[in-house]
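Colleague: The file below is my_file15.cif, mmCIF, C-alpha atoms and all ligand atoms:
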data_model
#
loop_
_atom_site.group_PDB
_atom_site.id
_atom_site.type_symbol
_atom_site.label_atom_id
_atom_site.label_comp_id
_atom_site.auth_asym_id
_atom_site.auth_seq_id
_atom_site.Cartn_x
_atom_site.Cartn_y
_atom_site.Cartn_z
ATOM 1 C CA MET J 26 170.368 150.733 196.415
ATOM 2 C CA ARG J 27 174.091 150.119 196.673
ATOM 3 C CA ILE J 28 176.454 150.436 193.735
ATOM 4 C CA VAL J 29 180.096 149.441 193.728
ATOM 5 C CA GLN J 30 182.494 151.169 191.366
ATOM 6 C CA ILE J 31 185.514 149.089 190.391
ATOM 7 C CA SER J 32 188.121 150.813 188.261
ATOM 8 C CA ASP J 33 191.379 150.353 186.367
ATOM 9 C CA ILE J 34 191.827 146.610 186.662
ATOM 10 C CA HIS J 35 194.571 146.408 183.983
ATOM 11 C CA LEU J 36 194.474 142.637 183.510
ATOM 12 C CA TYR J 37 196.749 140.635 181.224
ATOM 13 C CA GLY J 38 195.973 137.435 179.379
ATOM 14 C CA ASP J 39 198.660 135.871 181.586
ATOM 15 C CA LYS J 40 197.383 135.937 185.180
ATOM 16 C CA GLN J 41 200.935 135.941 186.530
ATOM 17 C CA GLN J 42 201.968 139.063 184.630
ATOM 18 C CA ASN J 43 202.780 142.087 186.767
ATOM 19 C CA LEU J 44 202.393 145.800 186.204
ATOM 20 C CA LEU J 45 205.269 147.636 187.920
ATOM 21 C CA GLY J 46 205.561 144.792 190.401
ATOM 22 C CA VAL J 47 201.847 144.208 191.041
ATOM 23 C CA LYS J 48 200.239 141.066 189.631
ATOM 24 C CA THR J 49 197.087 142.725 188.427
ATOM 25 C CA PHE J 50 194.962 139.569 188.432
ATOM 26 C CA GLU J 51 195.892 138.724 192.025
ATOM 27 C CA SER J 52 195.303 142.306 193.092
ATOM 28 C CA PHE J 53 191.876 142.381 191.364
ATOM 29 C CA VAL J 54 190.895 139.113 193.064
ATOM 30 C CA ALA J 55 191.915 140.614 196.422
ATOM 31 C CA VAL J 56 189.606 143.573 195.808
ATOM 32 C CA VAL J 57 186.770 141.270 194.709
ATOM 33 C CA ASN J 58 187.267 139.159 197.846
ATOM 34 C CA LEU J 59 187.056 142.307 199.954
ATOM 35 C CA LEU J 60 183.763 143.126 198.249
ATOM 36 C CA LYS J 61 182.440 139.594 198.778
ATOM 37 C CA ALA J 62 183.313 139.825 202.485
ATOM 38 C CA ASP J 63 181.429 143.118 202.899
ATOM 39 C CA LYS J 64 178.142 142.582 204.740
ATOM 40 C CA ASN J 65 176.614 145.361 202.620
ATOM 41 C CA LYS J 66 175.911 143.589 199.354
ATOM 42 C CA PRO J 67 175.907 145.625 196.134
ATOM 43 C CA ASP J 68 172.845 145.732 193.887
ATOM 44 C CA MET J 69 175.046 146.423 190.896
ATOM 45 C CA ILE J 70 178.699 146.848 189.985
ATOM 46 C CA ILE J 71 180.003 149.435 187.537
ATOM 47 C CA LEU J 72 183.483 149.113 185.999
ATOM 48 C CA THR J 73 184.922 152.477 184.997
ATOM 49 C CA GLY J 74 187.446 151.447 182.384
ATOM 50 C CA ASP J 75 190.929 150.048 181.799
ATOM 51 C CA MET J 76 189.709 146.503 182.298
ATOM 52 C CA ALA J 77 192.629 145.091 180.275
ATOM 53 C CA GLN J 78 196.252 146.148 180.025
ATOM 54 C CA ASP J 79 197.518 144.046 177.105
ATOM 55 C CA HIS J 80 194.642 144.357 174.611
ATOM 56 C CA SER J 81 194.118 140.583 174.717
ATOM 57 C CA GLU J 82 190.763 138.823 174.636
ATOM 58 C CA GLN J 83 192.028 136.495 177.356
ATOM 59 C CA ALA J 84 192.464 139.445 179.728
ATOM 60 C CA TYR J 85 188.727 140.191 179.436
ATOM 61 C CA ARG J 86 187.892 136.514 179.840
ATOM 62 C CA ASN J 87 189.969 136.422 183.031
ATOM 63 C CA MET J 88 187.897 139.326 184.338
ATOM 64 C CA VAL J 89 184.610 137.670 183.352
ATOM 65 C CA ASP J 90 185.642 134.487 185.194
ATOM 66 C CA VAL J 91 186.132 136.410 188.424
ATOM 67 C CA LEU J 92 183.016 138.565 188.095
ATOM 68 C CA LYS J 93 180.663 135.723 187.183
ATOM 69 C CA GLU J 94 180.583 134.804 190.884
ATOM 70 C CA PHE J 95 178.349 137.823 191.461
ATOM 71 C CA THR J 96 174.627 137.475 190.815
ATOM 72 C CA VAL J 97 174.058 141.218 190.422
ATOM 73 C CA PRO J 98 174.280 143.012 187.060
ATOM 74 C CA ILE J 99 177.613 144.494 186.064
ATOM 75 C CA TYR J 100 177.981 147.457 183.713
ATOM 76 C CA PHE J 101 181.095 149.033 182.230
ATOM 77 C CA VAL J 102 182.631 151.915 180.318
ATOM 78 C CA ALA J 103 185.810 151.678 178.250
ATOM 79 C CA GLY J 104 189.105 153.248 179.308
ATOM 80 C CA ASN J 105 192.083 154.329 177.244
ATOM 81 C CA HIS J 106 193.696 150.902 177.634
ATOM 82 C CA ASP J 107 190.635 148.976 176.487
ATOM 83 C CA ASN J 108 190.246 147.335 173.114
ATOM 84 C CA PRO J 109 186.963 148.532 171.548
ATOM 85 C CA ASP J 110 186.806 145.668 169.036
ATOM 86 C CA ILE J 111 187.145 142.959 171.680
ATOM 87 C CA ILE J 112 184.660 144.721 173.979
ATOM 88 C CA GLU J 113 182.135 144.958 171.162
ATOM 89 C CA ARG J 114 182.579 141.288 170.309
ATOM 90 C CA LEU J 115 182.535 139.879 173.859
ATOM 91 C CA PHE J 116 179.861 141.821 175.692
ATOM 92 C CA PRO J 117 177.209 141.302 176.882
ATOM 93 C CA MET J 118 178.460 138.109 178.508
ATOM 94 C CA ASN J 119 177.105 136.301 181.605
ATOM 95 C CA ASN J 120 176.153 138.982 184.138
ATOM 96 C CA ILE J 121 178.108 141.723 182.326
ATOM 97 C CA SER J 122 175.714 143.971 180.453
ATOM 98 C CA ASP J 123 176.477 146.437 177.689
ATOM 99 C CA LYS J 124 173.570 148.689 178.730
ATOM 100 C CA LYS J 125 174.583 152.323 179.196
ATOM 101 C CA ASN J 126 171.472 153.793 180.792
ATOM 102 C CA ILE J 127 170.246 152.285 184.048
ATOM 103 C CA VAL J 128 167.015 153.687 185.467
ATOM 104 C CA PHE J 129 165.476 152.661 188.834
ATOM 105 C CA ASP J 130 163.895 154.135 191.989
ATOM 106 C CA HIS J 131 164.004 157.754 190.769
ATOM 107 C CA TRP J 132 167.648 157.436 189.714
ATOM 108 C CA ASN J 133 169.044 157.696 186.199
ATOM 109 C CA ILE J 134 172.602 156.435 185.701
ATOM 110 C CA ILE J 135 174.281 157.263 182.417
ATOM 111 C CA LEU J 136 177.506 155.567 181.321
ATOM 112 C CA LEU J 137 179.564 157.361 178.676
ATOM 113 C CA ASN J 138 182.513 156.325 176.543
ATOM 114 C CA SER J 139 185.362 158.856 176.809
ATOM 115 C CA GLN J 140 187.878 156.708 174.954
ATOM 116 C CA ILE J 141 189.706 158.032 171.892
ATOM 117 C CA PRO J 142 191.061 154.769 170.431
ATOM 118 C CA GLY J 143 194.858 154.780 170.418
ATOM 119 C CA ARG J 144 195.148 157.835 172.692
ATOM 120 C CA VAL J 145 195.722 158.175 176.440
ATOM 121 C CA GLU J 146 193.690 161.372 176.862
ATOM 122 C CA GLY J 147 189.909 161.286 176.505
ATOM 123 C CA CYS J 148 187.006 163.019 174.817
ATOM 124 C CA LEU J 149 183.226 162.779 174.980
ATOM 125 C CA ASN J 150 182.392 162.998 171.298
ATOM 126 C CA VAL J 151 179.217 164.516 169.881
ATOM 127 C CA SER J 152 177.327 161.238 169.926
ATOM 128 C CA GLN J 153 178.242 160.633 173.580
ATOM 129 C CA LEU J 154 177.197 164.151 174.584
ATOM 130 C CA ASN J 155 173.969 163.786 172.619
ATOM 131 C CA TYR J 156 173.309 160.462 174.300
ATOM 132 C CA MET J 157 173.841 162.015 177.726
ATOM 133 C CA GLN J 158 171.475 164.826 176.838
ATOM 134 C CA ALA J 159 168.794 162.451 175.547
ATOM 135 C CA CYS J 160 168.990 160.245 178.659
ATOM 136 C CA LEU J 161 168.693 163.294 180.922
ATOM 137 C CA GLN J 162 165.797 164.731 178.929
ATOM 138 C CA ALA J 163 163.970 161.388 179.053
ATOM 139 C CA TYR J 164 163.822 161.445 182.877
ATOM 140 C CA PRO J 165 163.742 165.088 183.970
ATOM 141 C CA HIS J 166 162.529 164.228 187.489
ATOM 142 C CA HIS J 167 165.011 161.455 188.200
ATOM 143 C CA HIS J 168 168.230 162.122 190.135
ATOM 144 C CA ALA J 169 171.008 161.647 187.610
ATOM 145 C CA ILE J 170 174.549 160.290 187.798
ATOM 146 C CA VAL J 171 177.035 160.290 184.923
ATOM 147 C CA MET J 172 180.041 157.963 184.867
ATOM 148 C CA PHE J 173 182.952 157.702 182.430
ATOM 149 C CA HIS J 174 186.668 156.939 182.463
ATOM 150 C CA HIS J 175 188.690 160.178 182.147
ATOM 151 C CA GLN J 176 188.904 162.943 184.752
ATOM 152 C CA PRO J 177 186.708 165.946 183.798
ATOM 153 C CA ILE J 178 188.751 168.289 186.026
ATOM 154 C CA PRO J 179 192.515 168.477 186.688
ATOM 155 C CA VAL J 180 193.522 166.377 189.699
ATOM 156 C CA GLY J 181 196.634 168.475 190.336
ATOM 157 C CA SER J 182 199.148 165.990 188.943
ATOM 158 C CA THR J 183 200.957 167.475 185.917
ATOM 159 C CA TRP J 184 201.789 164.247 184.089
ATOM 160 C CA LEU J 185 198.315 162.767 184.626
ATOM 161 C CA ASP J 186 196.432 165.942 183.754
ATOM 162 C CA GLN J 187 197.903 165.789 180.241
ATOM 163 C CA TYR J 188 195.546 162.855 179.827
ATOM 164 C CA ILE J 189 192.395 164.558 180.991
ATOM 165 C CA LEU J 190 188.979 164.702 179.289
ATOM 166 C CA THR J 191 190.053 167.163 176.599
ATOM 167 C CA ASN J 192 186.590 168.621 175.961
ATOM 168 C CA ALA J 193 185.720 168.975 179.636
ATOM 169 C CA ASN J 194 184.542 172.569 179.042
ATOM 170 C CA GLU J 195 181.941 171.393 176.574
ATOM 171 C CA PHE J 196 180.824 168.686 179.001
ATOM 172 C CA TRP J 197 180.483 171.120 181.924
ATOM 173 C CA ARG J 198 178.558 173.568 179.742
ATOM 174 C CA LEU J 199 176.020 170.872 178.944
ATOM 175 C CA VAL J 200 175.811 169.780 182.594
ATOM 176 C CA LYS J 201 174.526 173.282 183.492
ATOM 177 C CA ASN J 202 171.292 172.582 181.606
ATOM 178 C CA PHE J 203 170.370 169.656 183.841
ATOM 179 C CA PRO J 204 169.967 170.513 187.516
ATOM 180 C CA GLN J 205 168.984 166.903 188.238
ATOM 181 C CA LEU J 206 172.576 165.849 187.423
ATOM 182 C CA ARG J 207 174.443 166.346 190.654
ATOM 183 C CA THR J 208 177.088 163.602 190.735
ATOM 184 C CA ILE J 209 179.854 162.363 188.450
ATOM 185 C CA PHE J 210 182.098 159.346 188.948
ATOM 186 C CA PHE J 211 185.228 158.533 186.969
ATOM 187 C CA GLY J 212 188.346 156.312 186.967
ATOM 188 C CA HIS J 213 191.656 156.722 185.110
ATOM 189 C CA VAL J 214 193.529 158.579 187.856
ATOM 190 C CA HIS J 215 194.257 155.512 190.064
ATOM 191 C CA GLN J 216 193.652 157.582 193.191
ATOM 192 C CA VAL J 217 190.818 159.087 195.171
ATOM 193 C CA HIS J 218 189.991 162.612 194.119
ATOM 194 C CA GLU J 219 186.820 164.402 195.167
ATOM 195 C CA GLY J 220 185.434 167.896 194.722
ATOM 196 C CA GLN J 221 182.639 170.049 193.460
ATOM 197 C CA LYS J 222 182.177 172.161 190.333
ATOM 198 C CA GLN J 223 179.043 174.107 189.377
ATOM 199 C CA GLY J 224 177.315 172.512 192.368
ATOM 200 C CA VAL J 225 178.027 169.023 190.978
ATOM 201 C CA ASN J 226 179.990 166.583 193.141
ATOM 202 C CA TYR J 227 182.658 164.526 191.432
ATOM 203 C CA TYR J 228 184.505 161.462 192.695
ATOM 204 C CA SER J 229 187.152 159.099 191.351
ATOM 205 C CA ALA J 230 187.973 155.582 192.506
ATOM 206 C CA PRO J 231 191.237 153.871 193.407
ATOM 207 C CA ALA J 232 192.556 151.314 190.897
ATOM 208 C CA THR J 233 192.421 147.623 191.753
ATOM 209 C CA CYS J 234 196.182 147.499 190.978
ATOM 210 C CA ILE J 235 198.819 150.287 191.121
ATOM 211 C CA GLN J 236 197.942 153.606 192.783
ATOM 212 C CA PHE J 237 199.260 156.877 191.333
ATOM 213 C CA MET J 238 200.815 159.398 193.720
ATOM 214 C CA ARG J 239 198.424 162.252 194.394
ATOM 215 C CA LYS J 240 199.485 165.782 193.389
ATOM 216 C CA SER J 241 202.732 164.489 191.866
ATOM 217 C CA HIS J 242 204.324 166.524 189.053
ATOM 218 C CA ASP J 243 205.939 163.436 187.504
ATOM 219 C CA PHE J 244 204.758 159.854 187.296
ATOM 220 C CA ALA J 245 205.031 158.201 190.709
ATOM 221 C CA LEU J 246 203.260 155.444 192.612
ATOM 222 C CA GLU J 247 201.750 155.781 196.065
ATOM 223 C CA ASN J 248 201.813 153.167 198.777
ATOM 224 C CA LEU J 249 198.068 152.945 199.242
ATOM 225 C CA ASN J 250 196.239 149.657 199.026
ATOM 226 C CA PRO J 251 193.913 148.913 196.113
ATOM 227 C CA GLY J 252 190.168 149.067 196.627
ATOM 228 C CA TYR J 253 186.780 150.111 195.328
ATOM 229 C CA ARG J 254 184.245 152.873 195.792
ATOM 230 C CA TRP J 255 180.792 152.182 197.206
ATOM 231 C CA ILE J 256 177.786 154.390 196.524
ATOM 232 C CA GLU J 257 174.498 154.307 198.480
ATOM 233 C CA LEU J 258 171.431 155.879 196.894
ATOM 234 C CA SER J 259 168.115 156.571 198.586
ATOM 235 C CA PRO J 260 164.854 156.950 196.615
ATOM 236 C CA GLU J 261 164.663 160.513 197.993
ATOM 237 C CA GLY J 262 167.825 161.480 196.137
ATOM 238 C CA GLU J 263 170.347 161.180 198.948
ATOM 239 C CA LEU J 264 173.785 159.895 197.928
ATOM 240 C CA LYS J 265 176.505 158.589 200.243
ATOM 241 C CA THR J 266 179.837 157.306 199.006
ATOM 242 C CA GLY J 267 183.136 156.048 200.372
ATOM 243 C CA ILE J 268 186.159 153.866 199.691
ATOM 244 C CA SER J 269 186.991 150.345 200.863
ATOM 245 C CA ARG J 270 190.569 149.139 200.494
ATOM 246 C CA VAL J 271 192.152 145.722 200.963
ATOM 247 C CA ALA J 272 194.336 145.272 204.041
ATOM 248 C CA ASN J 273 197.567 144.887 202.103
ATOM 249 C CA TYR J 274 199.096 146.013 198.853
ATOM 250 C CA VAL J 275 199.156 142.807 196.802
ATOM 251 C CA GLY J 276 202.660 142.354 195.425
ATOM 252 C CA THR J 277 205.548 144.748 195.741
ATOM 253 C CA PHE J 278 205.042 147.768 193.550
ATOM 254 C CA GLN J 279 208.123 149.380 192.045
ATOM 255 C CA ALA J 280 208.372 152.495 194.162
ATOM 256 C CA ASP J 281 210.902 154.074 191.753
ATOM 257 C CA ALA J 282 208.887 153.441 188.547
ATOM 258 C CA LYS J 283 208.947 156.340 186.093
ATOM 259 C CA GLY J 284 206.016 155.261 183.962
ATOM 260 C CA TYR J 285 204.433 152.358 182.159
ATOM 261 C CA GLU J 286 203.126 151.455 178.721
HETATM 262 FE FE FE J 301 194.169 152.956 184.320
#
If you convert what's in this file into structure tokens, what do you get?
Modeller:
Amino acid sequence: MRIVQISDIHLYGDKQQNLLGVKTFESFVAVVNLLKADKNKPDMIILTGDMAQDHSEQAYRNMVDVLKEFTVPIYFVAGNHDNPDIIERLFPMNNISDKKNIVFDHWNIILLNSQIPGRVEGCLNVSQLNYMQACLQAYPHHHAIVMFHHQPIPVGSTWLDQYILTNANEFWRLVKNFPQLRTIFFGHVHQVHEGQKQGVNYYSAPATCIQFMRKSHDFALENLNPGYRWIELSPEGELKTGISRVANYVGTFQADAKGYE
């Protein structure tokens, strides 16, 4: 079973619009084309938030138009930039499902919403934590994966770690009760960050548009090409994961940018 994680697409209603120099639609299409060219075909795609940048319905429709070329199911979680009302109204649509618990071949994938509407930082509220707990309790012998938008650990970048999952301690406390949960994937940080906490491996994905400079105190962009994360799961519980990036940065990102809205 192969999963592809696509994160932080930041589309606008206007396909020509750029984010700090990068036309986010063009950059997303480049990442999708890279995925289509990969001989290893995904069995599902999971979008880990920030699908739209400008809160417009058209931005989501632009994304749907690109993703409808895939025949596999696509799942998503919301990011801080997403519009919960539009998401609720639009999805499910075509191959994009609004299911948040995906169970197959001894694996249990749980998608959580860490968005606090109107805020950049995140939180897994009581209902999200209860949902996670219920999904894990329902399949105690399945290997579990949890995915959401915000980073549940600091990534070592002062400006970005202000916008962390604010109740990460509560989350990690709950994780301890479920030894079958050994892997967490997230987005939000527009960079690859990997590590381990409490014996649980965690991984982020690059954005499909601008990449944030790793370990930077202040906002800064890094000259790394956009891409996606792939995840291979075996029925025995083995997990392999890695990153694929496009050959070129699409557009010219503003290397001196100090932030964005
Ligand atoms: Fe983002």
Colleague: Here's the selection I'm unsure about, the PyMOL selection byres (((chain J and resi 273) around 9) and not hetatm); applied to the file above, which residues does it give, as a list in words?
Modeller: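 For this structure, the PyMOL selection byres (((chain J and resi 273) around 9) and not hetatm) captures Leu249, Asn250, Pro251, Arg270, Val271, Ala272, Tyr274, Val275 and Gly276 of chain J.
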Colleague: Compile the contact shell of J:Gln187 as number ranges by chain: residues with an atom at most 12 Å away, counting only C-alpha atoms, same-chain residues fewer than 6 positions apart removed.
Modeller: J: 144-147, 175-181, 214, 242-244
Colleague: Write the residues you've just listed into a file as an mmCIF file, in the frame of the given file, and include C-alpha atoms for each of them.
Modeller:
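New file selection.cif:
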data_model
loop_
_atom_site.group_PDB
_atom_site.id
_atom_site.type_symbol
_atom_site.label_atom_id
_atom_site.label_comp_id
_atom_site.auth_asym_id
_atom_site.auth_seq_id
_atom_site.Cartn_x
_atom_site.Cartn_y
_atom_site.Cartn_z
ATOM 1 C CA ARG J 144 195.148 157.835 172.692
ATOM 2 C CA VAL J 145 195.722 158.175 176.440
ATOM 3 C CA GLU J 146 193.690 161.372 176.862
ATOM 4 C CA GLY J 147 189.909 161.286 176.505
ATOM 5 C CA HIS J 175 188.690 160.178 182.147
ATOM 6 C CA GLN J 176 188.904 162.943 184.752
ATOM 7 C CA PRO J 177 186.708 165.946 183.798
ATOM 8 C CA ILE J 178 188.751 168.289 186.026
ATOM 9 C CA PRO J 179 192.515 168.477 186.688
ATOM 10 C CA VAL J 180 193.522 166.377 189.699
ATOM 11 C CA GLY J 181 196.634 168.475 190.336
ATOM 12 C CA VAL J 214 193.529 158.579 187.856
ATOM 13 C CA HIS J 242 204.324 166.524 189.053
ATOM 14 C CA ASP J 243 205.939 163.436 187.504
ATOM 15 C CA PHE J 244 204.758 159.854 187.296
#
Colleague: How close does each residue of chain J get to ligand FE 301 (chain J), giving the shortest atom pair and distance in Å to one decimal for every residue with an atom at most 8 Å away, counting all atoms listed in the file, sorted by chain and residue number, as JSON lines?
Modeller:
{"residue": "J:Ser32", "atom": "CA", "partner": "J:FE301", "partner_atom": "FE", "distance": 7.5}
{"residue": "J:Asp33", "atom": "CA", "partner": "J:FE301", "partner_atom": "FE", "distance": 4.3}
{"residue": "J:Ile34", "atom": "CA", "partner": "J:FE301", "partner_atom": "FE", "distance": 7.2}
{"residue": "J:His35", "atom": "CA", "partner": "J:FE301", "partner_atom": "FE", "distance": 6.6}
{"residue": "J:Gly74", "atom": "CA", "partner": "J:FE301", "partner_atom": "FE", "distance": 7.2}
{"residue": "J:Asp75", "atom": "CA", "partner": "J:FE301", "partner_atom": "FE", "distance": 5.0}
{"residue": "J:Gly104", "atom": "CA", "partner": "J:FE301", "partner_atom": "FE", "distance": 7.1}
{"residue": "J:Asn105", "atom": "CA", "partner": "J:FE301", "partner_atom": "FE", "distance": 7.5}
{"residue": "J:His106", "atom": "CA", "partner": "J:FE301", "partner_atom": "FE", "distance": 7.0}
{"residue": "J:Gly212", "atom": "CA", "partner": "J:FE301", "partner_atom": "FE", "distance": 7.2}
{"residue": "J:His213", "atom": "CA", "partner": "J:FE301", "partner_atom": "FE", "distance": 4.6}
{"residue": "J:Val214", "atom": "CA", "partner": "J:FE301", "partner_atom": "FE", "distance": 6.7}
{"residue": "J:His215", "atom": "CA", "partner": "J:FE301", "partner_atom": "FE", "distance": 6.3}
{"residue": "J:Ala232", "atom": "CA", "partner": "J:FE301", "partner_atom": "FE", "distance": 7.0}
Colleague: Since I can't run it myself right now, could you work out what the PyMOL selection byres (((chain J and resi 125-142) around 6) and not hetatm) selects here and report it as a list in words?
Modeller: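 Evaluating the PyMOL selection byres (((chain J and resi 125-142) around 6) and not hetatm) on this file yields Val102, Ala103, Gly104, Asn105, Lys124, Gly143, Arg144, Gly147, Cys148, Leu149, His167, His168, Ala169, Ile170, Val171, Met172, Phe173 and Pro260 of chain J.
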Colleague: List every protein, DNA or RNA residue that has at least one atom no more than 10 Å from (189.5, 141.6, 182.5) in the file's coordinates, counting all atoms listed in the file, and write the result as a list in words.
Modeller: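 Returned residue set, sorted by chain then number, is Asp33, Ile34, His35, Leu36, Tyr37, Gly38, Thr49, Phe50, Phe53, Asp75, Met76, Ala77, Gln78, Asp79, His80, Ser81, Glu82, Gln83, Ala84, Tyr85, Arg86, Asn87, Met88, Val89, Asp90, Val91, Leu92 and Asp107 of chain J.
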Colleague: Please report the interatomic distance between atom CA of J:Gly224 and atom CA of J:Trp255 in Å with one decimal.
Modeller: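 Result for atom CA of J:Gly224 versus atom CA of J:Trp255: 21.2 Å, one decimal.
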Colleague: Evaluated on this file, the PyMOL selection byres (((chain J and resi 228) around 10) and not hetatm) picks out some residues - which ones are they, written as an NGL selection string?
Modeller: :J and (172 or 176 or 208-212 or 216-221 or 226-227 or 229-230 or 254 or 266-267)
Colleague: For a test of reading the model, state the distance in Å between atom CA of J:Asp186 and atom CA of J:Gln236, rounded to one decimal.
Modeller: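 Taking atom CA of J:Asp186 and atom CA of J:Gln236, their separation equals 15.4 Å.
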Colleague: Using only C-alpha atoms, find all polymer residues with an atom at most 9 Å away from the point (176.3, 146.8, 198.0); report them as a list in words.
Modeller: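 So the residues meeting the distance criterion are Met26, Arg27, Ile28, Val29, Leu60, Asp63, Lys64, Asn65, Lys66, Pro67, Asp68, Met69, Ile70, Trp255, Ile256 and Glu257 of chain J.
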